[in-house]
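Source file query.tsv; content: TSV, C-alpha atoms (C1' of nucleotides) and all ligand atoms.
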chain	number	residue	atom	x	y	z
G	208	MET	CA	111.72	125.46	148.08
G	209	LEU	CA	112.33	121.85	149.05
G	210	LYS	CA	111.70	121.08	152.69
G	211	LEU	CA	113.46	117.81	152.06
G	212	GLU	CA	116.62	119.33	150.77
G	213	PRO	CA	118.71	119.88	153.92
G	214	ASN	CA	118.13	116.35	155.17
G	215	ILE	CA	118.81	114.87	151.79
G	216	LYS	CA	122.00	116.82	151.44
G	217	LYS	CA	123.13	115.39	154.76
G	218	ASN	CA	122.31	111.89	153.58
G	219	LEU	CA	124.26	112.40	150.42
G	220	ARG	CA	127.31	113.85	152.18
G	221	ALA	CA	127.26	111.07	154.75
G	222	THR	CA	127.97	108.63	151.96
G	223	GLY	CA	130.58	110.78	150.22
G	224	ARG	CA	128.14	112.09	147.66
G	225	ARG	CA	127.30	115.63	146.54
G	226	MET	CA	124.10	117.58	146.09
G	227	THR	CA	124.05	118.68	142.49
G	228	ARG	CA	121.83	120.72	140.24
G	229	THR	CA	120.54	117.63	138.47
G	230	ARG	CA	119.79	115.74	141.66
G	231	GLN	CA	117.84	118.73	142.92
G	232	ALA	CA	115.94	118.86	139.66
G	233	VAL	CA	114.98	115.19	139.82
G	234	LEU	CA	113.96	115.44	143.48
G	235	SER	CA	111.95	118.54	142.78
G	236	LEU	CA	110.15	116.83	139.92
G	237	LEU	CA	109.40	113.75	142.01
G	238	GLN	CA	107.92	116.03	144.66
G	239	LYS	CA	105.55	117.65	142.21
G	240	THR	CA	104.49	114.35	140.69
G	241	ARG	CA	101.62	112.45	142.20
G	242	GLN	CA	101.99	109.37	140.00
G	243	PRO	CA	105.07	107.13	139.84
G	244	VAL	CA	107.20	108.22	136.87
G	245	SER	CA	109.60	106.38	134.60
G	246	ALA	CA	113.15	107.51	133.82
G	247	THR	CA	112.08	108.65	130.37
G	248	GLU	CA	109.18	110.63	131.81
G	249	ILE	CA	111.50	112.35	134.26
G	250	PHE	CA	113.83	113.12	131.38
G	251	GLU	CA	111.05	114.53	129.20
G	252	ARG	CA	109.38	116.61	131.87
G	253	LEU	CA	112.63	118.15	132.96
G	254	HIS	CA	113.41	119.08	129.37
G	255	GLN	CA	110.00	120.71	129.12
G	256	GLU	CA	111.05	122.80	132.10
G	257	LYS	CA	114.26	123.68	130.23
G	258	VAL	CA	116.40	121.66	132.63
G	259	ALA	CA	119.28	120.14	130.67
G	260	ILE	CA	119.88	116.61	131.88
G	261	ASP	CA	120.94	113.44	130.15
G	262	LEU	CA	118.78	110.33	130.34
G	263	VAL	CA	121.79	108.42	131.69
G	264	THR	CA	121.99	110.87	134.55
G	265	VAL	CA	118.34	110.32	135.36
G	266	TYR	CA	119.01	106.59	135.63
G	267	ARG	CA	122.03	107.18	137.82
G	268	THR	CA	120.14	109.65	139.99
G	269	VAL	CA	117.16	107.45	140.74
G	270	HIS	CA	119.60	104.66	141.48
G	271	VAL	CA	121.37	106.76	144.10
G	272	LEU	CA	118.11	108.00	145.59
G	273	LYS	CA	116.95	104.42	145.85
G	274	GLU	CA	120.16	103.46	147.63
G	275	LEU	CA	119.60	106.28	150.11
G	276	GLY	CA	116.09	104.98	150.73
G	277	LEU	CA	114.50	108.19	149.46
G	278	VAL	CA	112.88	106.72	146.40
G	279	LEU	CA	110.88	103.59	145.74
G	280	GLN	CA	111.18	101.60	142.52
G	281	LEU	CA	108.05	100.03	141.10
G	282	ASP	CA	107.99	97.43	138.35
G	283	LEU	CA	104.39	97.24	137.33
G	284	HIS	CA	103.15	94.18	135.51
G	285	GLN	CA	103.84	94.10	131.78
G	286	GLU	CA	104.92	97.70	131.54
G	287	GLY	CA	108.46	96.71	130.68
G	288	LEU	CA	109.97	99.64	132.55
G	289	SER	CA	110.52	100.86	136.09
G	290	ARG	CA	108.72	103.72	137.78
G	291	TYR	CA	109.87	105.75	140.73
G	292	GLU	CA	108.11	107.60	143.53
G	293	LEU	CA	109.30	109.57	146.54
G	294	LYS	CA	109.18	107.61	149.76
G	295	GLU	CA	109.12	110.72	151.98
G	296	GLY	CA	107.04	109.63	154.90
G	297	ARG	CA	104.61	107.51	152.92
G	298	LYS	CA	103.90	104.12	154.37
G	299	HIS	CA	103.94	100.77	152.66
G	300	HIS	CA	101.17	100.67	150.09
G	301	HIS	CA	100.16	99.23	146.73
G	302	HIS	CA	98.79	100.37	143.38
G	303	ILE	CA	96.05	99.92	140.86
G	304	ARG	CA	96.56	100.72	137.18
G	305	CYS	CA	94.00	101.40	134.46
G	306	GLN	CA	94.48	99.08	131.49
G	307	ILE	CA	93.21	101.70	129.08
G	308	CYS	CA	94.71	105.05	130.04
G	309	GLY	CA	97.55	103.87	132.26
G	310	GLN	CA	96.55	105.96	135.24
G	311	ILE	CA	98.07	104.67	138.46
G	312	GLU	CA	96.46	105.20	141.83
G	313	ASP	CA	97.72	104.49	145.32
G	314	LEU	CA	95.97	101.88	147.43
G	315	LEU	CA	96.63	102.85	151.00
G	316	LEU	CA	96.25	99.36	152.36
G	317	CYS	CA	98.06	96.06	152.65
G	318	PRO	CA	96.08	92.90	153.25
G	319	LEU	CA	99.06	90.58	153.52
G	320	LYS	CA	100.23	90.55	157.13
G	321	LYS	CA	98.39	87.40	158.15
G	322	VAL	CA	98.93	85.61	154.87
G	323	THR	CA	102.65	86.15	155.16
G	324	LYS	CA	102.79	84.17	158.39
G	325	LEU	CA	100.73	81.42	156.87
G	326	ILE	CA	103.06	81.24	153.89
G	327	GLU	CA	106.11	81.06	156.11
G	328	GLN	CA	104.60	78.11	157.92
G	329	GLN	CA	103.55	76.33	154.76
G	330	THR	CA	106.69	76.84	152.71
G	331	GLN	CA	109.42	77.15	155.34
G	332	PHE	CA	110.59	80.25	153.47
G	333	ILE	CA	111.49	83.37	155.41
G	334	VAL	CA	109.40	86.00	153.65
G	335	ASP	CA	111.24	89.26	153.09
G	336	ASP	CA	108.99	91.28	150.83
G	337	HIS	CA	106.04	91.16	148.49
G	338	THR	CA	104.67	92.94	145.47
G	339	LEU	CA	100.97	93.42	144.88
G	340	GLU	CA	99.28	95.28	142.09
G	341	PHE	CA	95.77	95.50	140.73
G	342	THR	CA	94.73	96.29	137.18
G	343	GLY	CA	91.36	97.25	135.82
G	344	LEU	CA	89.34	100.14	134.45
G	345	CYS	CA	89.35	103.57	136.02
G	346	PRO	CA	86.09	105.51	136.35
G	347	GLN	CA	86.77	107.55	133.19
G	348	CYS	CA	87.57	104.53	131.02
G	349	GLN	CA	84.68	102.27	131.98
Y	254	MET	CA	102.82	61.00	125.09
Y	255	LEU	CA	100.99	64.28	125.56
Y	256	LYS	CA	97.46	63.88	126.83
Y	257	LEU	CA	97.01	67.52	126.03
Y	258	GLU	CA	97.93	67.22	122.42
Y	259	PRO	CA	94.61	66.38	120.72
Y	260	ASN	CA	92.78	69.22	122.47
Y	261	ILE	CA	95.54	71.63	121.79
Y	262	LYS	CA	95.63	70.71	118.14
Y	263	LYS	CA	91.92	71.47	117.96
Y	264	ASN	CA	92.49	74.81	119.59
Y	265	LEU	CA	95.20	75.64	117.15
Y	266	ARG	CA	93.22	74.60	114.10
Y	267	ALA	CA	90.17	76.49	115.32
Y	268	THR	CA	92.16	79.67	114.96
Y	269	GLY	CA	93.73	78.78	111.64
Y	270	ARG	CA	96.98	77.62	113.18
Y	271	ARG	CA	98.96	74.40	112.82
Y	272	MET	CA	100.47	71.90	115.21
Y	273	THR	CA	104.14	71.80	114.42
Y	274	ARG	CA	107.18	69.93	115.65
Y	275	THR	CA	108.49	72.95	117.52
Y	276	ARG	CA	105.19	73.73	119.21
Y	277	GLN	CA	105.01	70.12	120.37
Y	278	ALA	CA	108.54	70.35	121.69
Y	279	VAL	CA	107.80	73.52	123.68
Y	280	LEU	CA	104.57	72.08	125.07
Y	281	SER	CA	106.30	68.86	126.00
Y	282	LEU	CA	109.03	70.75	127.80
Y	283	LEU	CA	106.53	72.90	129.69
Y	284	GLN	CA	104.79	69.73	130.79
Y	285	LYS	CA	107.95	68.27	132.25
Y	286	THR	CA	108.90	71.49	133.99
Y	287	ARG	CA	107.64	72.20	137.47
Y	288	GLN	CA	109.01	75.72	137.70
Y	289	PRO	CA	108.07	78.58	135.40
Y	290	VAL	CA	110.72	78.85	132.65
Y	291	SER	CA	112.01	81.74	130.60
Y	292	ALA	CA	112.27	81.76	126.81
Y	293	THR	CA	116.02	81.34	127.02
Y	294	GLU	CA	115.66	78.40	129.39
Y	295	ILE	CA	113.21	76.72	127.03
Y	296	PHE	CA	115.66	77.32	124.20
Y	297	GLU	CA	118.61	75.88	126.13
Y	298	ARG	CA	116.82	72.83	127.48
Y	299	LEU	CA	115.45	71.92	124.09
Y	300	HIS	CA	118.92	72.19	122.61
Y	301	GLN	CA	120.20	69.87	125.34
Y	302	GLU	CA	117.58	67.42	124.14
Y	303	LYS	CA	118.90	67.88	120.58
Y	304	VAL	CA	115.75	69.66	119.47
Y	305	ALA	CA	116.72	72.30	116.92
Y	306	ILE	CA	114.70	75.45	117.52
Y	307	ASP	CA	115.46	79.12	117.19
Y	308	LEU	CA	115.05	81.45	120.16
Y	309	VAL	CA	112.76	83.62	118.06
Y	310	THR	CA	110.51	80.64	117.53
Y	311	VAL	CA	110.36	80.05	121.27
Y	312	TYR	CA	109.16	83.61	121.76
Y	313	ARG	CA	106.59	83.24	119.02
Y	314	THR	CA	105.42	79.91	120.39
Y	315	VAL	CA	104.84	81.03	123.96
Y	316	HIS	CA	103.05	84.05	122.55
Y	317	VAL	CA	100.65	81.85	120.62
Y	318	LEU	CA	100.13	79.51	123.57
Y	319	LYS	CA	99.36	82.49	125.73
Y	320	GLU	CA	96.80	83.71	123.20
Y	321	LEU	CA	95.15	80.30	123.27
Y	322	GLY	CA	94.99	80.50	127.05
Y	323	LEU	CA	97.20	77.43	127.46
Y	324	VAL	CA	100.14	79.20	129.00
Y	325	LEU	CA	100.51	81.80	131.70
Y	326	GLN	CA	103.09	84.55	131.51
Y	327	LEU	CA	104.74	85.63	134.75
Y	328	ASP	CA	106.83	88.77	135.16
Y	329	LEU	CA	108.44	88.35	138.52
Y	330	HIS	CA	109.75	91.39	140.31
Y	331	GLN	CA	113.18	92.60	139.22
Y	332	GLU	CA	113.98	89.56	137.13
Y	333	GLY	CA	113.93	91.55	133.91
Y	334	LEU	CA	112.49	88.67	131.89
Y	335	SER	CA	109.24	86.76	131.48
Y	336	ARG	CA	108.59	83.21	132.61
Y	337	TYR	CA	105.96	80.83	131.35
Y	338	GLU	CA	104.03	77.95	132.86
Y	339	LEU	CA	101.33	75.61	131.58
Y	340	LYS	CA	97.86	76.58	132.69
Y	341	GLU	CA	96.45	73.06	132.15
Y	342	GLY	CA	93.82	72.76	134.83
Y	343	ARG	CA	95.73	74.64	137.49
Y	344	LYS	CA	93.78	77.24	139.34
Y	345	HIS	CA	94.63	80.82	140.03
Y	346	HIS	CA	97.64	80.95	142.33
Y	347	HIS	CA	100.72	82.97	143.23
Y	348	HIS	CA	104.45	82.50	143.74
Y	349	ILE	CA	107.30	82.96	146.14
Y	350	ARG	CA	110.89	83.30	144.94
Y	351	CYS	CA	114.13	82.81	146.82
Y	352	GLN	CA	116.33	85.89	146.60
Y	353	ILE	CA	119.50	83.81	146.74
Y	354	CYS	CA	119.03	80.77	144.53
Y	355	GLY	CA	116.08	81.93	142.45
Y	356	GLN	CA	113.91	78.93	143.25
Y	357	ILE	CA	110.25	79.62	142.58
Y	358	GLU	CA	107.48	77.84	144.43
Y	359	ASP	CA	103.73	77.85	143.89
Y	360	LEU	CA	101.50	79.33	146.57
Y	361	LEU	CA	98.17	77.62	146.17
Y	362	LEU	CA	96.15	80.40	147.70
Y	363	CYS	CA	94.76	83.82	146.94
Y	364	PRO	CA	93.89	86.15	149.77
Y	365	LEU	CA	92.47	88.93	147.62
Y	366	LYS	CA	88.79	88.24	147.02
Y	367	LYS	CA	87.48	90.47	149.77
Y	368	VAL	CA	90.07	93.17	149.29
Y	369	THR	CA	89.16	93.41	145.64
Y	370	LYS	CA	85.59	94.40	146.49
Y	371	LEU	CA	86.81	96.93	149.00
Y	372	ILE	CA	89.15	98.44	146.41
Y	373	GLU	CA	86.37	98.67	143.85
Y	374	GLN	CA	84.26	100.60	146.33
Y	375	GLN	CA	87.06	102.89	147.40
Y	376	THR	CA	88.51	103.68	143.98
Y	377	GLN	CA	85.51	103.27	141.65
Y	378	PHE	CA	87.79	101.16	139.44
Y	379	ILE	CA	86.47	97.92	138.00
Y	380	VAL	CA	89.19	95.47	139.04
Y	381	ASP	CA	90.08	93.01	136.34
Y	382	ASP	CA	93.18	91.24	137.61
Y	383	HIS	CA	95.98	91.34	140.12
Y	384	THR	CA	99.54	90.19	140.53
Y	385	LEU	CA	100.98	89.06	143.84
Y	386	GLU	CA	104.41	87.69	144.53
Y	387	PHE	CA	106.47	87.05	147.62
Y	388	THR	CA	110.24	87.03	147.91
Y	389	GLY	CA	112.44	85.69	150.66
Y	390	LEU	CA	114.81	82.91	151.59
Y	391	CYS	CA	114.09	79.29	150.84
Y	392	PRO	CA	114.86	76.62	153.47
Y	393	GLN	CA	118.20	75.74	151.83
Y	394	CYS	CA	119.41	79.33	151.59
Y	395	GLN	CA	118.57	80.50	155.10
B	53	DT	C1'	100.76	64.11	95.53
B	54	DG	C1'	100.65	68.80	94.86
B	55	DG	C1'	99.04	73.66	96.24
B	56	DT	C1'	98.83	77.27	99.45
B	57	DA	C1'	98.81	79.48	103.71
B	58	DT	C1'	101.25	79.16	108.00
B	59	DT	C1'	105.50	78.75	110.36
B	60	DT	C1'	110.37	78.89	110.79
B	61	DG	C1'	115.28	80.63	110.82
B	62	DC	C1'	118.27	84.25	110.15
B	63	DA	C1'	119.45	88.92	110.42
B	64	DA	C1'	118.28	93.24	111.62
B	65	DT	C1'	115.88	96.27	114.81
B	66	DG	C1'	113.77	98.22	119.12
B	67	DG	C1'	113.61	99.72	123.84
B	68	DA	C1'	115.18	99.86	128.61
B	69	DC	C1'	119.06	100.15	130.99
B	70	DT	C1'	124.30	99.99	131.95
B	71	DT	C1'	129.24	101.04	131.44
B	72	DG	C1'	133.77	103.47	130.02
B	73	DC	C1'	135.93	107.57	129.81
B	74	DA	C1'	137.20	112.30	129.37
B	75	DA	C1'	135.31	116.83	130.63
B	76	DT	C1'	132.90	119.35	134.22
B	77	DA	C1'	131.65	121.01	138.64
B	78	DA	C1'	130.88	120.41	143.87
B	79	DG	C1'	132.66	121.74	147.96
B	80	DA	C1'	136.54	121.62	151.32
B	81	DA	C1'	140.74	123.86	152.40
B	82	DG	C1'	143.62	127.73	152.33
A	273	DC	C1'	137.94	134.21	146.29
A	274	DT	C1'	141.08	130.78	144.36
A	275	DT	C1'	142.78	126.31	144.21
A	276	DC	C1'	142.65	121.41	144.48
A	277	DT	C1'	140.68	116.92	144.81
A	278	DT	C1'	137.19	113.83	143.71
A	279	DA	C1'	132.43	112.96	142.58
A	280	DT	C1'	129.36	113.65	138.82
A	281	DT	C1'	127.97	114.44	134.19
A	282	DG	C1'	127.38	113.81	129.09
A	283	DC	C1'	128.29	111.30	125.19
A	284	DA	C1'	129.03	107.06	122.86
A	285	DA	C1'	129.02	102.44	122.87
A	286	DG	C1'	127.44	98.17	124.71
A	287	DT	C1'	124.16	94.69	126.97
A	288	DC	C1'	120.03	92.15	127.43
A	289	DC	C1'	115.32	90.74	126.46
A	290	DA	C1'	112.17	90.80	123.00
A	291	DT	C1'	110.09	91.95	118.31
A	292	DT	C1'	109.87	92.36	113.18
A	293	DG	C1'	110.81	91.59	107.96
A	294	DC	C1'	111.47	88.38	104.67
A	295	DA	C1'	112.60	84.35	102.07
A	296	DA	C1'	112.80	79.34	102.65
A	297	DA	C1'	110.62	75.36	104.75
A	298	DT	C1'	106.68	72.69	106.09
A	299	DA	C1'	101.85	71.53	107.76
A	300	DC	C1'	97.73	69.91	106.01
A	301	DC	C1'	93.72	70.03	102.94
A	302	DA	C1'	91.97	68.86	98.53
K	1	MN	MN	102.46	104.96	145.38
K	2	MN	MN	102.88	78.53	139.22
K	3	ZN	ZN	101.89	95.06	151.06
K	4	ZN	ZN	95.30	86.04	143.37
Could you express the structure from this file as structure tokens?
Amino acid sequence: MLKLEPNIKKNLRATGRRMTRTRQAVLSLLQKTRQPVSATEIFERLHQEKVAIDLVTVYRTVHVLKELGLVLQLDLHQEGLSRYELKEGRKHHHHIRCQICGQIEDLLLCPLKKVTKLIEQQTQFIVDDHTLEFTGLCPQCQ
Amino acid sequence: MLKLEPNIKKNLRATGRRMTRTRQAVLSLLQKTRQPVSATEIFERLHQEKVAIDLVTVYRTVHVLKELGLVLQLDLHQEGLSRYELKEGRKHHHHIRCQICGQIEDLLLCPLKKVTKLIEQQTQFIVDDHTLEFTGLCPQCQ
DNA sequence: TGGTATTTGCAATGGACTTGCAATAAGAAG
DNA sequence: CTTCTTATTGCAAGTCCATTGCAAATACCA
């Protein structure tokens, strides 16, 4: 079912955690989902699939999966909520969101390597991370 | 006192709005402030200056100033609140924030012109805007 | 110096997310 | 398979940032 599952179970156990029905359900949903999903969306979709899970548990689950490095948390501009996506082998990338319909698409690029060095020189900061996001109109909404 | 004030008053009046004591106070504070400030910070600093203003009014004021295009709203990654800065003649730029002390510094550059075109070709989106932010350690916190 | 529409303060409300705690269930050991 | 310990869950309540309703205050035009 989940190729991921054995590895993930190991990760969980290595930190004194357990693989539970609800964690499997959340992981399974994240695997099916192509777009980053919010806690509420996870909650609603699982209920559609007749999986009983509390919203609090969804929050706690994504938090754990983030700690394990299995899930990435996105805070897109002006959405006022967090979204989550499976990391599973995907490389560093960014996103573009449609202002009308909310569709989010991956941008499989990062143009910031050189700029980061420049910024470190200019500011004397040590740069640790960056967030980059584009917004606009998707083909359907233009 | 405020060079801005006459122009701003015109802007306000042009949209049926009024220049009030509290709006002047918020504008004046934003002028003094070099770093982007949150609504709560505006509230607290004005109270330190013995300016009576309700937090709700701060929210409503920055909202109006944003509508007039006088103020820019920033939602920095994982801060969980919005910050505001005067637009007044400043050009498009980005920010870097120290993960330890929270200091925010302007980055007077934007490396995304070319990438934007590339993204429009690749995704068929019409790109309208972008957000870019760096995080790291400032010189003092390293 | 009014008259009226805008703005303000206060209190209540909304939405995302977190925390406390008792009940439940994972999974190791026997 | 049964038992035992401890992590996890659900429910309720709480936190934090921000918004909304409404009556009182005030900007500003005539
Ligand atoms: Mn993605
Ligand atoms: Mn700035
Ligand atoms: Zn990047
Ligand atoms: Zn830019």
Do you know which residues are within 9 Å of ligand ZN 3 (chain K) using only C-alpha atoms (C1' of nucleotides) and all ligand atoms? Can you write them as a PDB file with C-alpha atoms, keeping the file's coordinate frame?
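Now in pocket17.pdb:
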ATOM      1  CA  HIS G 299     103.940 100.770 152.660  1.00  0.00           C
ATOM      2  CA  HIS G 300     101.170 100.670 150.090  1.00  0.00           C
ATOM      3  CA  HIS G 301     100.160  99.230 146.730  1.00  0.00           C
ATOM      4  CA  LEU G 316      96.250  99.360 152.360  1.00  0.00           C
ATOM      5  CA  CYS G 317      98.060  96.060 152.650  1.00  0.00           C
ATOM      6  CA  PRO G 318      96.080  92.900 153.250  1.00  0.00           C
ATOM      7  CA  LEU G 319      99.060  90.580 153.520  1.00  0.00           C
ATOM      8  CA  LYS G 320     100.230  90.550 157.130  1.00  0.00           C
ATOM      9  CA  ASP G 336     108.990  91.280 150.830  1.00  0.00           C
ATOM     10  CA  HIS G 337     106.040  91.160 148.490  1.00  0.00           C
ATOM     11  CA  THR G 338     104.670  92.940 145.470  1.00  0.00           C
ATOM     12  CA  LEU G 339     100.970  93.420 144.880  1.00  0.00           C
TER      13      LEU G 339
END
At a cut-off of 12 Å, list the chain Y residues touching chain G, using all atoms listed in the file, as a compact mmCIF listing (two decimals) with C-alpha atoms, in the frame of the given file.
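And here is the file that came out, out_39.txt:
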# COMPACT_ATOMS: atom_id res chain seq x y z
CA GLN Y 326 103.09 84.55 131.51
CA LEU Y 327 104.74 85.63 134.75
CA ASP Y 328 106.83 88.77 135.16
CA LEU Y 329 108.44 88.35 138.52
CA HIS Y 330 109.75 91.39 140.31
CA GLN Y 331 113.18 92.60 139.22
CA GLU Y 332 113.98 89.56 137.13
CA GLY Y 333 113.93 91.55 133.91
CA LEU Y 334 112.49 88.67 131.89
CA SER Y 335 109.24 86.76 131.48
CA ARG Y 336 108.59 83.21 132.61
CA HIS Y 347 100.72 82.97 143.23
CA HIS Y 348 104.45 82.50 143.74
CA ILE Y 349 107.30 82.96 146.14
CA ARG Y 350 110.89 83.30 144.94
CA CYS Y 351 114.13 82.81 146.82
CA GLN Y 352 116.33 85.89 146.60
CA ILE Y 353 119.50 83.81 146.74
CA GLN Y 356 113.91 78.93 143.25
CA ILE Y 357 110.25 79.62 142.58
CA GLU Y 358 107.48 77.84 144.43
CA ASP Y 359 103.73 77.85 143.89
CA LEU Y 360 101.50 79.33 146.57
CA LEU Y 361 98.17 77.62 146.17
CA LEU Y 362 96.15 80.40 147.70
CA CYS Y 363 94.76 83.82 146.94
CA PRO Y 364 93.89 86.15 149.77
CA LEU Y 365 92.47 88.93 147.62
CA LYS Y 366 88.79 88.24 147.02
CA LYS Y 367 87.48 90.47 149.77
CA VAL Y 368 90.07 93.17 149.29
CA THR Y 369 89.16 93.41 145.64
CA LYS Y 370 85.59 94.40 146.49
CA LEU Y 371 86.81 96.93 149.00
CA ILE Y 372 89.15 98.44 146.41
CA GLU Y 373 86.37 98.67 143.85
CA GLN Y 374 84.26 100.60 146.33
CA GLN Y 375 87.06 102.89 147.40
CA THR Y 376 88.51 103.68 143.98
CA GLN Y 377 85.51 103.27 141.65
CA PHE Y 378 87.79 101.16 139.44
CA ILE Y 379 86.47 97.92 138.00
CA VAL Y 380 89.19 95.47 139.04
CA ASP Y 381 90.08 93.01 136.34
CA ASP Y 382 93.18 91.24 137.61
CA HIS Y 383 95.98 91.34 140.12
CA THR Y 384 99.54 90.19 140.53
CA LEU Y 385 100.98 89.06 143.84
CA GLU Y 386 104.41 87.69 144.53
CA PHE Y 387 106.47 87.05 147.62
CA THR Y 388 110.24 87.03 147.91
CA GLY Y 389 112.44 85.69 150.66
CA LEU Y 390 114.81 82.91 151.59
CA CYS Y 391 114.09 79.29 150.84
CA PRO Y 392 114.86 76.62 153.47
CA GLN Y 393 118.20 75.74 151.83
CA CYS Y 394 119.41 79.33 151.59
CA GLN Y 395 118.57 80.50 155.10
For the interface of chain Y with chain B (cut-off 8 Å, counting only C-alpha atoms (C1' of nucleotides)), please tabulate each contacting residue of chain Y alongside its nearest pair of atoms and their separation in Å to one decimal, rows sorted by chain and increasing number, as JSON lines.
{"residue": "Y:Arg270", "atom": "CA", "partner": "B:DT58", "partner_atom": "C1'", "distance": 6.9}
{"residue": "Y:Arg271", "atom": "CA", "partner": "B:DT58", "partner_atom": "C1'", "distance": 7.2}
{"residue": "Y:Asp307", "atom": "CA", "partner": "B:DG61", "partner_atom": "C1'", "distance": 6.5}
{"residue": "Y:Thr310", "atom": "CA", "partner": "B:DT60", "partner_atom": "C1'", "distance": 7.0}
Keeping only C-alpha atoms, write the selected residues to a file as a PDB file, in the frame of the given file.
ATOM      1  CA  ARG Y 270      96.980  77.620 113.180  1.00  0.00           C
ATOM      2  CA  ARG Y 271      98.960  74.400 112.820  1.00  0.00           C
ATOM      3  CA  ASP Y 307     115.460  79.120 117.190  1.00  0.00           C
ATOM      4  CA  THR Y 310     110.510  80.640 117.530  1.00  0.00           C
TER       5      THR Y 310
END
Could you list, as a list in words, the residues of chain A having an atom within 9 Å of chain Y when counting only C-alpha atoms (C1' of nucleotides)?
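Every residue meeting the condition is included here: DC288, DC289, DA290, DT291, DT298, DA299 and DC300 of chain A.
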Given the choices G:Lys298, G:His254, G:Lys273, G:Lys239, which gets closest to ligand MN 1 (chain K) if the distance is worked out from all atoms listed in the file?
G:Lys298
Could you work out how far atom CA of Tyr291 of chain G lies from atom C1' of DA284 of chain A, giving the answer in Å with one decimal?
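Atom C1' of DA284 of chain A sits 26.2 Å away from atom CA of Tyr291 of chain G.
Atom CA of Leu339 of chain Y is positioned 4.6 Å from atom CA of Val324 of chain Y.
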When you look at Gln301 of chain Y with a cut-off of 12 Å (counting all atoms listed in the file), what residues show up, excluding the ones that are within fewer than 6 positions of it in the same chain? I need them as a PDB file with C-alpha atoms, in the frame of the given file.
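around-v7.pdb, freshly written:
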ATOM      1  CA  LEU Y 282     109.030  70.750 127.800  1.00  0.00           C
ATOM      2  CA  GLU Y 294     115.660  78.400 129.390  1.00  0.00           C
ATOM      3  CA  ILE Y 295     113.210  76.720 127.030  1.00  0.00           C
TER       4      ILE Y 295
END
Do you have the atom MN of ligand MN 1 (chain K)-atom CA of Val265 of chain G distance handy?
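Separation between atom MN of ligand MN 1 (chain K) and atom CA of Val265 of chain G: 19.5 Å.
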Which one of G:Leu237, G:Leu253, G:Gln231, G:Cys308 sits closest to Ile215 of chain G if you count only C-alpha atoms?
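Under the stated criterion, the closest residue is G:Gln231.
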Step by step, gather every atom of segment 63-71 of chain B that the file lists, find the box along x, y and z that holds them, add 6 Å on each side, and finally give centre and edge lengths in Å to one decimal, as AutoDock Vina command-line options.
--center_x 121.4 --center_y 95.0 --center_z 121.2 --size_x 27.6 --size_y 24.1 --size_z 33.5
